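The structure appears right after this line, and notes come after that.
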Amino acid sequence: MKSKPVHHRIEPSQLEILCPFHFFIDKDKTVSAISRRLQKLWPHLTCGEDVNEAFHLHRPPGVKSLGQILDFSNLLVHLSHSDLPDLIFRGHLLSDERGWLFVGTPRVTQVSELPNFGLTLSDFPLHDSAGDILMAMEASQTLLQQTQEMADRLTALNSKLDSIVEQRTAELQSKNRVVRGMLDNLRQGVLTLSLDDAANQVKINPEYSPFLERILERNHLSGKPFSETVFSQADLSKESIDNQELAIMHTLGESSILFELNRSHLVRECQIRSLHGGDRKRLEFDWSVIVNNDQQVTQVLVVIRDVTEVTSLRHAAQSHSEEIEIIGDILATNRQRLPDCLDVTFTVLENFEELLERNTKISHLPFEDMLRELHTLKGNLRVCGLDRLPKMIHLFEKDLHDLSLDGFSALAKGPTSPRQVGSTASEAPLEGREKLMWHIEEIEKICRKYQNILKRWFPSLEPSDTNADDLSSLVLSLSKELHATAREAGVAPPQVRVQGDRLTLSKSEAKVLENAFLHIFRNAIAHSFVPLHDGRRGAESANHNGEITVRCASKDNQSSATISVWDNGRGLHLPSIQQKAQELGISSQGESVSDLDLASLVFRFGLSTAHHISEIAGRGIGLNAVREDLEREGITIEIASQGQPTRSGYFPFQFVIQFPKNNQVFEL
């Protein structure tokens, strides 16, 4: 019976031959299977062991544990095991639906080091590893040196010199044929470089794999200038090519340490234009060195891979995967609200672009207004049921907030976005603008993808009437969509109750109240209700079943209305508000402020009692946005007391929203 493929259609027996050093990681991030040779090296490595505890990760730099990078496909890593920390393995992590496969080889530069780890040359597979080729070449050099030493000794002794020399020569020729066979059958370009002193340039040595000519579409490469031959049709600047040439020239004949110092100048990948008018090729480069006994670099070894087809397939798979993910997001959302949410997002981003074009200096931007817009937009999208866009807007909000507080010093810490920008003071305005525009472009890009998929897969979707005609239906529609926010905060979804009179709303009032209730409900979830796993639960903590109450009462012969909103959580923590107010210079230490006045400071921009900034709260923007939006409609919001503060300083309160206009109010 044929064995089941273990990864990417590779049979277990084939994998043992092709890649003898491998192990598997399951979805629980534990070791699930180990190759025989690797088990021999690491006898204490057992199935079921946590990969973060079993392995030490050397590359990529800055990553602490193997588990942090498992979501990246086909990633080059260097790792070692606690049994043998000096033996470092270099290899790739390959993922599929069942877990991850690590295939690699020991990073050994001298054949003489192999016995120290219980290894021989027969332990190494015949595959496309530059390290294997390097070891094989060094093995040939070692055998040649041993043959010469033996010949010298036998010459002195004058005993069977000819037969011994013939025997060693035959062995050397056999090893050379193996190396030649490896080069001839590799599906990648392997070459070595040396310095042509007469021409003062780096040249290609005669020993190279035949596949190199196919990749570069050139013949007879021996002795040709390296940079001109490989990069003449590349999408690289002349400066980067010249810097690489100088780095190689300064490395040859010098200590191998200098190669590591100059590695950053070496090209890792590029695109080249086909000489026959075809599409561009994408090439990847691996670099290493061949050293002598004094650790001086004699040659530079380069491995070139044509990854055009692989890259194309990867991009197509990523695009398809992203489309499937977006469709899943849409299916999980309130699809009737989604088109309106996307339209509002485009409008906000267009306004931001106009502000960036109109204001020549970043410092002239209306940061408070922009932050309020982003905070409200993030909340609306999350209530709509989306997850990706709120996360992107949260990063935008963070960068914008850092710029507003710290000027351009925040840029020196490194951008939140993947794009790298500098940190010099003279370039700071351009960097700040570039950073904000990057966020706008990325968010617009993903919004367009949502719109296109909506048109393609949901053509009959009709937008809902987002402006509810009365208060009760507005509140209840929002309450049904608070589960994602509650789940993120770690609290049970609260039950929202509507009491009192029925209040009819205009479209503008419904919209501004929708945003206000959104912030108020999120504020209760973020601050008032204690997470279910919090060990500090007690008499002052929220119940497991949180409740938010919205009550409408008519006034003055039903010509106006008052809306009161409260919850059964722990209330506002006055000591935290007072401390934050002192830090912001709103009040001074020792100043006597009433409990109600202190609680009302939550409407001030930038004042938040959250210990950590999250996607829900933390920057003191939400309630400030509520007051600003309501006041533009002639509606006021205040805080009213519901009792005395507790011994721990928690103040029971309610929000009171006053409608001075002639709304239609009906008694229920």
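To be explicit about the labels: the chains of the structure tokens are called A, B, and onward in the order shown, and within each one the residues are counted from 1, while ligands get numbers from 1 in the order they are shown.
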
Quiz item: Near Arg382 (chain A), counting only C-alpha atoms, which residues have an atom at most 12 Å away, once you skip same-chain residues fewer than 6 positions from it, shown as a PyMOL selection string?
Solution: chain A and resi 329+332-334+337-338+341-342+375-376+388-394+478+481-488+518-519+522+615-616

Can you write just those residues out, N, CA and C atoms, as a PDB file, in the first residue's frame?
```
ATOM      1  N   ASP A 329     -15.607  37.783   5.293  1.00  0.00           N
ATOM      2  CA  ASP A 329     -15.902  38.963   6.111  1.00  0.00           C
ATOM      3  C   ASP A 329     -17.288  39.514   5.781  1.00  0.00           C
ATOM      4  N   ALA A 332     -20.167  37.601   7.119  1.00  0.00           N
ATOM      5  CA  ALA A 332     -20.324  37.713   8.572  1.00  0.00           C
ATOM      6  C   ALA A 332     -20.774  39.104   9.007  1.00  0.00           C
ATOM      7  N   THR A 333     -20.933  40.043   8.049  1.00  0.00           N
ATOM      8  CA  THR A 333     -21.288  41.410   8.409  1.00  0.00           C
ATOM      9  C   THR A 333     -22.781  41.644   8.254  1.00  0.00           C
ATOM     10  N   ASN A 334     -23.173  42.831   8.701  1.00  0.00           N
ATOM     11  CA  ASN A 334     -24.502  43.345   8.380  1.00  0.00           C
ATOM     12  C   ASN A 334     -24.400  43.913   6.966  1.00  0.00           C
ATOM     13  N   ARG A 337     -25.757  47.352   5.866  1.00  0.00           N
ATOM     14  CA  ARG A 337     -25.056  48.556   6.330  1.00  0.00           C
ATOM     15  C   ARG A 337     -23.716  48.747   5.631  1.00  0.00           C
ATOM     16  N   LEU A 338     -23.156  47.658   5.094  1.00  0.00           N
ATOM     17  CA  LEU A 338     -21.793  47.705   4.576  1.00  0.00           C
ATOM     18  C   LEU A 338     -21.587  48.731   3.467  1.00  0.00           C
ATOM     19  N   CYS A 341     -21.286  52.136   4.983  1.00  0.00           N
ATOM     20  CA  CYS A 341     -20.044  52.267   5.756  1.00  0.00           C
ATOM     21  C   CYS A 341     -18.858  52.514   4.835  1.00  0.00           C
ATOM     22  N   LEU A 342     -18.818  51.795   3.704  1.00  0.00           N
ATOM     23  CA  LEU A 342     -17.719  51.983   2.762  1.00  0.00           C
ATOM     24  C   LEU A 342     -17.770  53.373   2.138  1.00  0.00           C
ATOM     25  N   HIS A 375     -11.780  57.780  14.811  1.00  0.00           N
ATOM     26  CA  HIS A 375     -12.304  56.981  15.913  1.00  0.00           C
ATOM     27  C   HIS A 375     -13.758  56.584  15.656  1.00  0.00           C
ATOM     28  N   THR A 376     -14.549  57.547  15.176  1.00  0.00           N
ATOM     29  CA  THR A 376     -15.946  57.247  14.859  1.00  0.00           C
ATOM     30  C   THR A 376     -16.044  56.267  13.694  1.00  0.00           C
ATOM     31  N   ARG A 388     -10.969  43.655   9.427  1.00  0.00           N
ATOM     32  CA  ARG A 388      -9.706  44.093   8.835  1.00  0.00           C
ATOM     33  C   ARG A 388      -9.611  45.615   8.741  1.00  0.00           C
ATOM     34  N   LEU A 389     -10.639  46.256   8.216  1.00  0.00           N
ATOM     35  CA  LEU A 389     -10.594  47.718   8.069  1.00  0.00           C
ATOM     36  C   LEU A 389     -10.438  48.440   9.404  1.00  0.00           C
ATOM     37  N   PRO A 390     -11.173  48.057  10.472  1.00  0.00           N
ATOM     38  CA  PRO A 390     -10.933  48.724  11.765  1.00  0.00           C
ATOM     39  C   PRO A 390      -9.496  48.582  12.245  1.00  0.00           C
ATOM     40  N   LYS A 391      -8.859  47.446  11.998  1.00  0.00           N
ATOM     41  CA  LYS A 391      -7.463  47.275  12.405  1.00  0.00           C
ATOM     42  C   LYS A 391      -6.556  48.217  11.630  1.00  0.00           C
ATOM     43  N   MET A 392      -6.808  48.364  10.327  1.00  0.00           N
ATOM     44  CA  MET A 392      -6.002  49.277   9.522  1.00  0.00           C
ATOM     45  C   MET A 392      -6.205  50.728   9.966  1.00  0.00           C
ATOM     46  N   ILE A 393      -7.452  51.081  10.265  1.00  0.00           N
ATOM     47  CA  ILE A 393      -7.734  52.445  10.715  1.00  0.00           C
ATOM     48  C   ILE A 393      -7.136  52.680  12.100  1.00  0.00           C
ATOM     49  N   HIS A 394      -7.077  51.634  12.923  1.00  0.00           N
ATOM     50  CA  HIS A 394      -6.449  51.762  14.243  1.00  0.00           C
ATOM     51  C   HIS A 394      -4.964  52.114  14.103  1.00  0.00           C
ATOM     52  N   LEU A 478     -28.372  48.874  16.913  1.00  0.00           N
ATOM     53  CA  LEU A 478     -26.959  48.939  17.314  1.00  0.00           C
ATOM     54  C   LEU A 478     -26.613  47.858  18.319  1.00  0.00           C
ATOM     55  N   GLU A 481     -25.255  44.431  17.333  1.00  0.00           N
ATOM     56  CA  GLU A 481     -23.960  44.338  16.675  1.00  0.00           C
ATOM     57  C   GLU A 481     -22.812  44.670  17.618  1.00  0.00           C
ATOM     58  N   LEU A 482     -23.027  44.527  18.936  1.00  0.00           N
ATOM     59  CA  LEU A 482     -21.981  44.814  19.918  1.00  0.00           C
ATOM     60  C   LEU A 482     -21.209  43.569  20.323  1.00  0.00           C
ATOM     61  N   HIS A 483     -21.554  42.412  19.772  1.00  0.00           N
ATOM     62  CA  HIS A 483     -20.915  41.167  20.203  1.00  0.00           C
ATOM     63  C   HIS A 483     -19.425  41.160  19.888  1.00  0.00           C
ATOM     64  N   ALA A 484     -19.030  41.665  18.713  1.00  0.00           N
ATOM     65  CA  ALA A 484     -17.607  41.656  18.352  1.00  0.00           C
ATOM     66  C   ALA A 484     -16.808  42.543  19.291  1.00  0.00           C
ATOM     67  N   THR A 485     -17.350  43.724  19.633  1.00  0.00           N
ATOM     68  CA  THR A 485     -16.653  44.615  20.552  1.00  0.00           C
ATOM     69  C   THR A 485     -16.527  43.989  21.933  1.00  0.00           C
ATOM     70  N   ALA A 486     -17.608  43.372  22.421  1.00  0.00           N
ATOM     71  CA  ALA A 486     -17.571  42.722  23.731  1.00  0.00           C
ATOM     72  C   ALA A 486     -16.585  41.561  23.736  1.00  0.00           C
ATOM     73  N   ARG A 487     -16.575  40.793  22.661  1.00  0.00           N
ATOM     74  CA  ARG A 487     -15.644  39.663  22.586  1.00  0.00           C
ATOM     75  C   ARG A 487     -14.205  40.147  22.620  1.00  0.00           C
ATOM     76  N   GLU A 488     -13.907  41.234  21.920  1.00  0.00           N
ATOM     77  CA  GLU A 488     -12.549  41.764  21.914  1.00  0.00           C
ATOM     78  C   GLU A 488     -12.137  42.276  23.289  1.00  0.00           C
ATOM     79  N   LEU A 518     -23.039  54.598  19.717  1.00  0.00           N
ATOM     80  CA  LEU A 518     -21.935  53.696  19.412  1.00  0.00           C
ATOM     81  C   LEU A 518     -20.765  53.933  20.369  1.00  0.00           C
ATOM     82  N   HIS A 519     -20.368  55.206  20.537  1.00  0.00           N
ATOM     83  CA  HIS A 519     -19.261  55.523  21.435  1.00  0.00           C
ATOM     84  C   HIS A 519     -19.622  55.249  22.894  1.00  0.00           C
ATOM     85  N   ARG A 522     -19.575  51.455  23.486  1.00  0.00           N
ATOM     86  CA  ARG A 522     -18.184  50.967  23.504  1.00  0.00           C
ATOM     87  C   ARG A 522     -17.460  51.440  24.756  1.00  0.00           C
ATOM     88  N   GLU A 615      -7.919  48.777  20.324  1.00  0.00           N
ATOM     89  CA  GLU A 615      -8.736  49.205  19.182  1.00  0.00           C
ATOM     90  C   GLU A 615     -10.095  49.722  19.630  1.00  0.00           C
ATOM     91  N   ILE A 616     -10.446  49.519  20.915  1.00  0.00           N
ATOM     92  CA  ILE A 616     -11.734  49.983  21.427  1.00  0.00           C
ATOM     93  C   ILE A 616     -11.603  51.359  22.057  1.00  0.00           C
TER      94      ILE A 616
END
```

Self-check item: Spatial neighbours of region 210-216 of chain A, max dist 7 Å, only C-alpha atoms, sep filter under 6 positions, as an NGL selection string
Solution: :A and (184 or 186-190 or 230 or 306)

Those same residues, written as a PDB file, in the first residue's frame with all heavy atoms?
```
ATOM      1  N   ASP A 184      25.870  19.937 -12.655  1.00  0.00           N
ATOM      2  CA  ASP A 184      25.193  19.731 -13.935  1.00  0.00           C
ATOM      3  C   ASP A 184      23.694  19.511 -13.772  1.00  0.00           C
ATOM      4  O   ASP A 184      22.918  19.794 -14.698  1.00  0.00           O
ATOM      5  CB  ASP A 184      25.813  18.536 -14.666  1.00  0.00           C
ATOM      6  CG  ASP A 184      27.221  18.844 -15.169  1.00  0.00           C
ATOM      7  OD1 ASP A 184      27.579  20.043 -15.211  1.00  0.00           O
ATOM      8  OD2 ASP A 184      27.953  17.898 -15.493  1.00  0.00           O
ATOM      9  N   LEU A 186      21.761  20.636 -11.093  1.00  0.00           N
ATOM     10  CA  LEU A 186      21.051  21.633 -10.289  1.00  0.00           C
ATOM     11  C   LEU A 186      20.179  22.502 -11.177  1.00  0.00           C
ATOM     12  O   LEU A 186      20.611  22.962 -12.240  1.00  0.00           O
ATOM     13  CB  LEU A 186      22.041  22.519  -9.530  1.00  0.00           C
ATOM     14  CG  LEU A 186      22.669  21.922  -8.278  1.00  0.00           C
ATOM     15  CD1 LEU A 186      23.708  22.870  -7.708  1.00  0.00           C
ATOM     16  CD2 LEU A 186      21.603  21.639  -7.226  1.00  0.00           C
ATOM     17  N   ARG A 187      18.961  22.742 -10.726  1.00  0.00           N
ATOM     18  CA  ARG A 187      18.032  23.595 -11.472  1.00  0.00           C
ATOM     19  C   ARG A 187      18.149  25.037 -10.996  1.00  0.00           C
ATOM     20  O   ARG A 187      17.157  25.736 -10.809  1.00  0.00           O
ATOM     21  CB  ARG A 187      16.600  23.094 -11.287  1.00  0.00           C
ATOM     22  CG  ARG A 187      16.377  21.670 -11.735  1.00  0.00           C
ATOM     23  CD  ARG A 187      16.327  21.544 -13.229  1.00  0.00           C
ATOM     24  NE  ARG A 187      15.157  22.228 -13.779  1.00  0.00           N
ATOM     25  CZ  ARG A 187      14.909  22.333 -15.082  1.00  0.00           C
ATOM     26  NH1 ARG A 187      15.760  21.819 -15.958  1.00  0.00           N
ATOM     27  NH2 ARG A 187      13.828  22.950 -15.500  1.00  0.00           N
ATOM     28  N   GLN A 188      19.368  25.472 -10.798  1.00  0.00           N
ATOM     29  CA  GLN A 188      19.626  26.849 -10.413  1.00  0.00           C
ATOM     30  C   GLN A 188      21.054  27.195 -10.799  1.00  0.00           C
ATOM     31  O   GLN A 188      21.874  26.311 -11.068  1.00  0.00           O
ATOM     32  CB  GLN A 188      19.392  27.070  -8.919  1.00  0.00           C
ATOM     33  CG  GLN A 188      20.109  26.110  -8.013  1.00  0.00           C
ATOM     34  CD  GLN A 188      19.675  26.276  -6.582  1.00  0.00           C
ATOM     35  OE1 GLN A 188      19.941  27.307  -5.983  1.00  0.00           O
ATOM     36  NE2 GLN A 188      19.005  25.285  -6.037  1.00  0.00           N
ATOM     37  N   GLY A 189      21.339  28.480 -10.858  1.00  0.00           N
ATOM     38  CA  GLY A 189      22.669  28.908 -11.254  1.00  0.00           C
ATOM     39  C   GLY A 189      23.605  28.978 -10.069  1.00  0.00           C
ATOM     40  O   GLY A 189      23.327  29.686  -9.100  1.00  0.00           O
ATOM     41  N   VAL A 190      24.712  28.230 -10.137  1.00  0.00           N
ATOM     42  CA  VAL A 190      25.731  28.244  -9.092  1.00  0.00           C
ATOM     43  C   VAL A 190      27.035  28.687  -9.726  1.00  0.00           C
ATOM     44  O   VAL A 190      27.463  28.130 -10.744  1.00  0.00           O
ATOM     45  CB  VAL A 190      25.889  26.856  -8.443  1.00  0.00           C
ATOM     46  CG1 VAL A 190      26.941  26.904  -7.348  1.00  0.00           C
ATOM     47  CG2 VAL A 190      24.563  26.382  -7.881  1.00  0.00           C
ATOM     48  N   VAL A 230      25.273  39.768 -15.289  1.00  0.00           N
ATOM     49  CA  VAL A 230      24.067  39.373 -14.545  1.00  0.00           C
ATOM     50  C   VAL A 230      23.066  40.511 -14.436  1.00  0.00           C
ATOM     51  O   VAL A 230      21.852  40.300 -14.546  1.00  0.00           O
ATOM     52  CB  VAL A 230      24.453  38.857 -13.140  1.00  0.00           C
ATOM     53  CG1 VAL A 230      23.204  38.504 -12.339  1.00  0.00           C
ATOM     54  CG2 VAL A 230      25.371  37.644 -13.251  1.00  0.00           C
ATOM     55  N   ASP A 306      15.728  31.202 -10.383  1.00  0.00           N
ATOM     56  CA  ASP A 306      14.645  31.832 -11.155  1.00  0.00           C
ATOM     57  C   ASP A 306      13.330  31.484 -10.455  1.00  0.00           C
ATOM     58  O   ASP A 306      12.860  30.348 -10.514  1.00  0.00           O
ATOM     59  CB  ASP A 306      14.649  31.320 -12.586  1.00  0.00           C
ATOM     60  CG  ASP A 306      13.597  32.018 -13.450  1.00  0.00           C
ATOM     61  OD1 ASP A 306      12.768  32.762 -12.889  1.00  0.00           O
ATOM     62  OD2 ASP A 306      13.610  31.807 -14.678  1.00  0.00           O
TER      63      ASP A 306
END
```

Practice problem: Between A:Ser274, A:Ser528, A:Gln146, A:Asn380, single out the one closest to Ala489 (chain A), counting only C-alpha atoms. | Solution: A:Ser528

Exercise. Pick out the residues sitting within 8 Å of region 197-207 of chain A, and hand them over as a list of chain:residue names; count only C-alpha atoms, and ignore anything fewer than 3 positions along from it in its own chain.
Key: A:Leu191, A:Thr192, A:Leu193, A:Ser194, A:Leu221, A:Ser222, A:Gly223, A:Lys224, A:Pro225, A:Phe226, A:Ser227, A:Glu245, A:Ile248, A:Met249

Exercise. List the neighbours of Gly649 (chain A) out to 12 Å using only C-alpha atoms; skip same-chain residues closer than 2 positions along the sequence, and give me the result as an MDAnalysis selection string.
Key: chainID A and resid 540 570:578 595 598:599 643:647 651:652

Quiz item: Residues at most 12 Å from Ser82 (chain A), counting only C-alpha atoms, excluding those fewer than 4 positions away in the same chain, as a list in words?
Solution: Leu41, Trp42, Pro43, His44, Leu45, Val51, Asn52, Glu53, Ala54, Phe55, His56, Leu57, Asp86, Leu87 and Ile88 of chain A

Self-check item: CA of Val291 (chain A) to CA of Glu260 (chain A), distance in Å rounded to a single decimal
Solution: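 Those two atoms sit 13.1 Å apart.
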
Quiz prompt | Selection near Gly585 (chain A), 12 Å with only C-alpha atoms, sequence-local residues under 5 positions removed, as a PyMOL selection string | solution = chain A and resi 578-580+591+604+606-607

Quiz prompt | Picked from region 476-660 of chain A by DSSP as helix (DSSP H, G or I), as a count of residues only | solution = 63

Exercise. Between A:Asn219, A:Ser288, A:Ser32, A:Thr251, single out the one closest to Arg107 (chain A), counting only C-alpha atoms.
Key: A:Ser288

Quiz item: So what do you get for CA of Gly379 (chain A) versus CA of His439 (chain A), distance-wise?
Solution: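 Result for CA of Gly379 (chain A) versus CA of His439 (chain A): 17.6 Å, one decimal.
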